[in-house]
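For reference, target36.csv (CSV, C-alpha atoms):
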```
chain,number,residue,atom,x,y,z
A,1,MET,CA,-140.8,-36.0,-35.5
A,2,GLN,CA,-139.5,-32.5,-34.8
A,3,ARG,CA,-141.3,-30.8,-32.0
A,4,GLN,CA,-141.1,-27.1,-31.1
A,5,SER,CA,-141.3,-25.6,-27.6
A,6,VAL,CA,-144.7,-24.0,-26.9
A,7,GLN,CA,-145.9,-21.5,-24.3
A,8,SER,CA,-148.3,-23.6,-22.3
A,9,SER,CA,-148.8,-24.6,-18.7
A,10,ALA,CA,-150.0,-28.0,-20.0
A,11,LEU,CA,-147.5,-28.8,-22.8
A,12,ASN,CA,-143.7,-28.6,-23.3
A,13,SER,CA,-143.7,-29.1,-27.1
A,14,ALA,CA,-145.8,-29.9,-30.1
A,15,GLY,CA,-145.0,-31.3,-33.6
A,16,TYR,CA,-146.9,-32.1,-36.7
A,17,ASP,CA,-146.3,-34.2,-39.8
A,18,PRO,CA,-148.6,-33.1,-42.5
A,19,SER,CA,-147.9,-36.0,-44.8
A,20,SER,CA,-149.1,-38.6,-42.2
A,21,LYS,CA,-151.5,-36.1,-40.4
A,22,ILE,CA,-150.0,-36.9,-37.0
A,23,LEU,CA,-149.9,-34.5,-34.2
A,24,GLU,CA,-147.3,-35.2,-31.5
A,25,LEU,CA,-147.6,-33.5,-28.0
A,26,GLU,CA,-145.2,-33.6,-25.0
A,27,PHE,CA,-147.0,-33.0,-21.8
A,28,ARG,CA,-145.5,-31.0,-19.0
A,29,ASP,CA,-146.9,-32.8,-16.0
A,30,SER,CA,-146.0,-36.4,-16.9
A,31,GLY,CA,-143.4,-35.8,-19.6
A,32,GLY,CA,-145.4,-38.2,-21.7
A,33,VAL,CA,-145.3,-38.0,-25.5
A,34,TRP,CA,-148.6,-38.8,-27.3
A,35,GLN,CA,-149.4,-39.0,-31.0
A,36,TYR,CA,-152.9,-38.2,-32.4
A,37,PHE,CA,-153.8,-39.5,-35.8
A,38,GLY,CA,-155.9,-38.0,-38.6
A,39,PHE,CA,-155.2,-34.4,-37.5
A,40,SER,CA,-155.5,-32.0,-40.4
A,41,ASN,CA,-153.1,-29.2,-41.3
A,42,ALA,CA,-155.9,-26.7,-40.8
A,43,SER,CA,-156.6,-28.1,-37.3
A,44,PHE,CA,-152.9,-27.8,-36.5
A,45,LYS,CA,-152.8,-24.2,-37.5
A,46,LYS,CA,-155.9,-23.5,-35.3
A,47,PHE,CA,-154.2,-25.4,-32.4
A,48,MET,CA,-151.0,-23.5,-32.6
A,49,SER,CA,-152.7,-20.1,-32.8
A,50,ALA,CA,-155.1,-20.8,-29.9
A,51,GLU,CA,-155.1,-18.5,-26.9
A,52,SER,CA,-154.8,-21.6,-24.7
A,53,LEU,CA,-153.2,-24.8,-26.0
A,54,GLY,CA,-154.3,-26.7,-23.0
A,55,LYS,CA,-157.9,-25.6,-23.4
A,56,PHE,CA,-157.9,-26.4,-27.1
A,57,PHE,CA,-156.4,-29.8,-26.4
A,58,ILE,CA,-159.2,-30.6,-23.8
A,59,THR,CA,-162.1,-29.3,-25.9
A,60,GLN,CA,-160.9,-30.2,-29.5
A,61,ILE,CA,-158.4,-33.0,-29.4
A,62,LYS,CA,-158.7,-35.3,-26.3
A,63,GLY,CA,-161.0,-38.2,-27.0
A,64,LYS,CA,-161.7,-37.1,-30.6
A,65,TYR,CA,-158.7,-38.6,-32.4
A,66,PRO,CA,-157.1,-42.1,-32.3
A,67,GLU,CA,-154.1,-41.8,-30.0
A,68,ILE,CA,-151.0,-43.7,-28.8
A,69,ARG,CA,-148.5,-42.9,-26.1
A,70,ILE,CA,-145.0,-43.3,-27.5
A,71,ARG,CA,-143.0,-42.2,-24.4
```

Any chance you could put this one into structure tokens?
Amino acid sequence: MQRQSVQSSALNSAGYDPSSKILELEFRDSGGVWQYFGFSNASFKKFMSAESLGKFFITQIKGKYPEIRIR
């Protein structure tokens, strides 16, 4: 999946595949890459336009979607 660099103290990059509804995030602290399943296109747009991606992640994504670490 193609990810793009993001301006965030928590994240290095983010990517989204609308056909499979998978959000992929690369975290700055660990370098880990995680995928989150069932993430809608509308939610991705809200995420990318959020004032704080890290805060959005903590309040709207973490623990709310099935996830897997891929790296």

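Across the structure, atom CA of Glu67 of chain A and atom CA of Leu53 of chain A are spaced 17.5 Å apart.
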
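Using only C-alpha atoms for every distance, the candidate list A:Gln7, A:Ser43, A:Ser19, A:Ser13 yields A:Ser13 as the residue closest to Gly31 of chain A.
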
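For the pair atom CA of Phe56 of chain A and atom CA of Glu24 of chain A, the separation is 14.5 Å.
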
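Note that atom CA of Pro18 of chain A and atom CA of Ala42 of chain A are 9.9 Å apart.
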
Taking 4 positions as the minimum chain separation for residues in the same chain, which residues sit within 10 Å of Gln35 of chain A when counting only C-alpha atoms? Answer as a PDB file with C-alpha atoms, keeping the file's coordinate frame.
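The file below, selection.pdb, is the result:
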```pdb
ATOM      1  CA  ALA A  14    -145.800 -29.900 -30.100  1.00  0.00           C
ATOM      2  CA  GLY A  15    -145.000 -31.300 -33.600  1.00  0.00           C
ATOM      3  CA  TYR A  16    -146.900 -32.100 -36.700  1.00  0.00           C
ATOM      4  CA  ILE A  22    -150.000 -36.900 -37.000  1.00  0.00           C
ATOM      5  CA  LEU A  23    -149.900 -34.500 -34.200  1.00  0.00           C
ATOM      6  CA  GLU A  24    -147.300 -35.200 -31.500  1.00  0.00           C
ATOM      7  CA  LEU A  25    -147.600 -33.500 -28.000  1.00  0.00           C
ATOM      8  CA  GLU A  26    -145.200 -33.600 -25.000  1.00  0.00           C
ATOM      9  CA  PHE A  39    -155.200 -34.400 -37.500  1.00  0.00           C
ATOM     10  CA  TYR A  65    -158.700 -38.600 -32.400  1.00  0.00           C
ATOM     11  CA  PRO A  66    -157.100 -42.100 -32.300  1.00  0.00           C
ATOM     12  CA  GLU A  67    -154.100 -41.800 -30.000  1.00  0.00           C
ATOM     13  CA  ILE A  68    -151.000 -43.700 -28.800  1.00  0.00           C
ATOM     14  CA  ARG A  69    -148.500 -42.900 -26.100  1.00  0.00           C
ATOM     15  CA  ILE A  70    -145.000 -43.300 -27.500  1.00  0.00           C
ATOM     16  CA  ARG A  71    -143.000 -42.200 -24.400  1.00  0.00           C
TER      17      ARG A  71
END
```

Which neighbours of Phe27 of chain A fall inside 7 Å, counting only C-alpha atoms, when residues of the same chain fewer than 5 positions from it are skipped, and could you give them as an mmCIF file with C-alpha atoms, in the frame of the given file?
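Result went into out.cif, see below:
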```cif
data_model
loop_
_atom_site.group_PDB
_atom_site.id
_atom_site.type_symbol
_atom_site.label_atom_id
_atom_site.label_comp_id
_atom_site.auth_asym_id
_atom_site.auth_seq_id
_atom_site.Cartn_x
_atom_site.Cartn_y
_atom_site.Cartn_z
ATOM 1 C CA ALA A 10 -150.000 -28.000 -20.000
ATOM 2 C CA LEU A 11 -147.500 -28.800 -22.800
ATOM 3 C CA ASN A 12 -143.700 -28.600 -23.300
ATOM 4 C CA GLY A 32 -145.400 -38.200 -21.700
ATOM 5 C CA VAL A 33 -145.300 -38.000 -25.500
#
```

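Closest approach to Ser20 of chain A from the set A:Phe47, A:Met1, A:Gly54, A:Ile61 is made by A:Met1, with distances taken over only C-alpha atoms.
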
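For the set A:Met48, A:Asp29, A:Phe57, A:Ser40, the residue with the smallest atom-to-atom gap to Gln4 of chain A is A:Met48, counting only C-alpha atoms.
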